[in-house]
Amino acid sequence: MKKIIKNSIKCNLCGDIIVSKHTHDKVTCKCGACSVDGGNSYLKRGYANSDTDFTELSEYMEIEEN
Ligand SMILES: [Zn+2]
């Protein structure tokens, strides 16, 4: 399975890079079009227009399931 090590996007409208660090850490970009939430537990995305409003910058690590 994949473990989230960085929950991050870049807003394509204002260029802001935002990172959610905790499960309930909702972060919105400067222009307000995009948001990230969920920290390293889950990826939650918010956007005003469409999912082309942002570029995905999240990083994952493959971990073995035993
Ligand atoms: Zn923005």
# chains A, B, ... in the order shown; residues from 1 in each chain; ligands from 1
$ residues_near_ligand --ligand "ligand 1" --cutoff "10 Å" --atoms "only C-alpha atoms and all ligand atoms" --output "PyMOL selection string"
chain A and resi 10-18+28-35+47-48+53-54
$ select_by_dssp --residues "region 13-51 of chain A" --states "strand (DSSP E or B)" --output "PyMOL selection string"
chain A and resi 17-20+27-28+34-37+44-47
$ closest_residue --among "A:Leu57, A:Leu43, A:Val27, A:Ile63" --to "Ser8 (chain A)" --atoms "only C-alpha atoms"
A:Leu57
$ residues_around --residues "Asp25 (chain A)" --least-positions-apart "2" --cutoff "8 Å" --atoms "only C-alpha atoms" --output "NGL selection string"
:A and (20-23 or 27 or 37-39)
$ write_last_selection --atoms "N, CA and C atoms" --output "PDB file, in the first residue's frame"
ATOM      1  N   SER A  20      -0.913  20.247   3.436  1.00  0.00           N
ATOM      2  CA  SER A  20      -1.683  19.890   4.626  1.00  0.00           C
ATOM      3  C   SER A  20      -0.826  18.976   5.492  1.00  0.00           C
ATOM      4  N   LYS A  21      -0.572  19.421   6.723  1.00  0.00           N
ATOM      5  CA  LYS A  21       0.365  18.682   7.580  1.00  0.00           C
ATOM      6  C   LYS A  21      -0.313  17.761   8.573  1.00  0.00           C
ATOM      7  N   HIS A  22      -1.576  18.007   8.872  1.00  0.00           N
ATOM      8  CA  HIS A  22      -2.290  17.198   9.853  1.00  0.00           C
ATOM      9  C   HIS A  22      -3.652  16.797   9.297  1.00  0.00           C
ATOM     10  N   THR A  23      -4.263  15.803   9.924  1.00  0.00           N
ATOM     11  CA  THR A  23      -5.531  15.257   9.443  1.00  0.00           C
ATOM     12  C   THR A  23      -6.596  16.327   9.244  1.00  0.00           C
ATOM     13  N   VAL A  27      -5.857  23.716   4.275  1.00  0.00           N
ATOM     14  CA  VAL A  27      -5.087  24.877   3.845  1.00  0.00           C
ATOM     15  C   VAL A  27      -5.618  25.315   2.484  1.00  0.00           C
ATOM     16  N   ASP A  37      -6.490  19.012   2.361  1.00  0.00           N
ATOM     17  CA  ASP A  37      -6.882  18.617   3.704  1.00  0.00           C
ATOM     18  C   ASP A  37      -6.501  17.152   3.875  1.00  0.00           C
ATOM     19  N   GLY A  38      -6.434  16.701   5.108  1.00  0.00           N
ATOM     20  CA  GLY A  38      -6.208  15.286   5.370  1.00  0.00           C
ATOM     21  C   GLY A  38      -4.809  14.935   5.839  1.00  0.00           C
ATOM     22  N   GLY A  39      -3.882  15.887   5.750  1.00  0.00           N
ATOM     23  CA  GLY A  39      -2.524  15.619   6.203  1.00  0.00           C
ATOM     24  C   GLY A  39      -1.957  14.370   5.560  1.00  0.00           C
TER      25      GLY A  39
END
$ decode --residues "chain A" --atoms "C-alpha atoms" --output "PDB file, in the first residue's frame"
ATOM      1  CA  MET A   1       0.000   0.000   0.000  1.00  0.00           C
ATOM      2  CA  LYS A   2       0.977   3.621  -0.386  1.00  0.00           C
ATOM      3  CA  LYS A   3       1.762   5.820   2.558  1.00  0.00           C
ATOM      4  CA  ILE A   4       1.352   9.552   2.105  1.00  0.00           C
ATOM      5  CA  ILE A   5       4.484  11.431   3.067  1.00  0.00           C
ATOM      6  CA  LYS A   6       3.497  14.802   1.643  1.00  0.00           C
ATOM      7  CA  ASN A   7       0.006  16.107   0.948  1.00  0.00           C
ATOM      8  CA  SER A   8       0.536  19.041  -1.353  1.00  0.00           C
ATOM      9  CA  ILE A   9      -0.706  20.799  -4.478  1.00  0.00           C
ATOM     10  CA  LYS A  10       0.227  23.878  -6.452  1.00  0.00           C
ATOM     11  CA  CYS A  11      -2.555  26.233  -7.476  1.00  0.00           C
ATOM     12  CA  ASN A  12      -2.377  26.835 -11.221  1.00  0.00           C
ATOM     13  CA  LEU A  13      -4.202  30.139 -10.871  1.00  0.00           C
ATOM     14  CA  CYS A  14      -2.073  31.946  -8.269  1.00  0.00           C
ATOM     15  CA  GLY A  15       1.009  29.680  -8.168  1.00  0.00           C
ATOM     16  CA  ASP A  16       0.728  29.117  -4.430  1.00  0.00           C
ATOM     17  CA  ILE A  17       2.064  25.800  -3.112  1.00  0.00           C
ATOM     18  CA  ILE A  18       0.030  24.525  -0.163  1.00  0.00           C
ATOM     19  CA  VAL A  19       0.666  21.597   2.169  1.00  0.00           C
ATOM     20  CA  SER A  20      -1.683  19.890   4.626  1.00  0.00           C
ATOM     21  CA  LYS A  21       0.365  18.682   7.580  1.00  0.00           C
ATOM     22  CA  HIS A  22      -2.290  17.198   9.853  1.00  0.00           C
ATOM     23  CA  THR A  23      -5.531  15.257   9.443  1.00  0.00           C
ATOM     24  CA  HIS A  24      -7.721  18.307  10.029  1.00  0.00           C
ATOM     25  CA  ASP A  25      -5.285  20.853   8.633  1.00  0.00           C
ATOM     26  CA  LYS A  26      -7.240  22.437   5.791  1.00  0.00           C
ATOM     27  CA  VAL A  27      -5.087  24.877   3.845  1.00  0.00           C
ATOM     28  CA  THR A  28      -6.376  27.171   1.115  1.00  0.00           C
ATOM     29  CA  CYS A  29      -4.224  28.920  -1.460  1.00  0.00           C
ATOM     30  CA  LYS A  30      -3.847  32.700  -1.730  1.00  0.00           C
ATOM     31  CA  CYS A  31      -6.572  33.155  -4.344  1.00  0.00           C
ATOM     32  CA  GLY A  32      -8.955  30.752  -2.617  1.00  0.00           C
ATOM     33  CA  ALA A  33      -9.501  28.489  -5.635  1.00  0.00           C
ATOM     34  CA  CYS A  34      -7.857  25.344  -4.223  1.00  0.00           C
ATOM     35  CA  SER A  35      -7.516  23.639  -0.872  1.00  0.00           C
ATOM     36  CA  VAL A  36      -5.868  20.557   0.604  1.00  0.00           C
ATOM     37  CA  ASP A  37      -6.882  18.617   3.704  1.00  0.00           C
ATOM     38  CA  GLY A  38      -6.208  15.286   5.370  1.00  0.00           C
ATOM     39  CA  GLY A  39      -2.524  15.619   6.203  1.00  0.00           C
ATOM     40  CA  ASN A  40      -0.705  12.318   5.825  1.00  0.00           C
ATOM     41  CA  SER A  41      -3.861  10.260   6.434  1.00  0.00           C
ATOM     42  CA  TYR A  42      -5.882  10.933   3.287  1.00  0.00           C
ATOM     43  CA  LEU A  43      -5.860  13.303   0.322  1.00  0.00           C
ATOM     44  CA  LYS A  44      -8.773  15.665   0.208  1.00  0.00           C
ATOM     45  CA  ARG A  45      -8.937  18.268  -2.535  1.00  0.00           C
ATOM     46  CA  GLY A  46     -11.121  21.295  -2.926  1.00  0.00           C
ATOM     47  CA  TYR A  47     -11.289  23.444  -6.046  1.00  0.00           C
ATOM     48  CA  ALA A  48     -13.493  26.221  -7.358  1.00  0.00           C
ATOM     49  CA  ASN A  49     -13.680  25.309 -11.037  1.00  0.00           C
ATOM     50  CA  SER A  50     -12.179  21.961 -12.004  1.00  0.00           C
ATOM     51  CA  ASP A  51      -9.352  19.631 -11.051  1.00  0.00           C
ATOM     52  CA  THR A  52      -7.177  21.363 -13.656  1.00  0.00           C
ATOM     53  CA  ASP A  53      -7.007  24.290 -11.200  1.00  0.00           C
ATOM     54  CA  PHE A  54      -4.106  22.586  -9.439  1.00  0.00           C
ATOM     55  CA  THR A  55      -1.021  20.461 -10.010  1.00  0.00           C
ATOM     56  CA  GLU A  56      -0.564  17.442  -7.766  1.00  0.00           C
ATOM     57  CA  LEU A  57       2.678  17.557  -5.756  1.00  0.00           C
ATOM     58  CA  SER A  58       1.973  14.827  -3.232  1.00  0.00           C
ATOM     59  CA  GLU A  59       4.640  12.286  -2.412  1.00  0.00           C
ATOM     60  CA  TYR A  60       4.121   8.654  -1.519  1.00  0.00           C
ATOM     61  CA  MET A  61       6.148   5.818  -0.142  1.00  0.00           C
ATOM     62  CA  GLU A  62       5.400   2.176  -0.920  1.00  0.00           C
ATOM     63  CA  ILE A  63       5.180   0.145   2.268  1.00  0.00           C
ATOM     64  CA  GLU A  64       4.974  -3.599   2.660  1.00  0.00           C
ATOM     65  CA  GLU A  65       1.813  -5.022   4.157  1.00  0.00           C
ATOM     66  CA  ASN A  66       2.335  -7.895   6.539  1.00  0.00           C
TER      67      ASN A  66
END
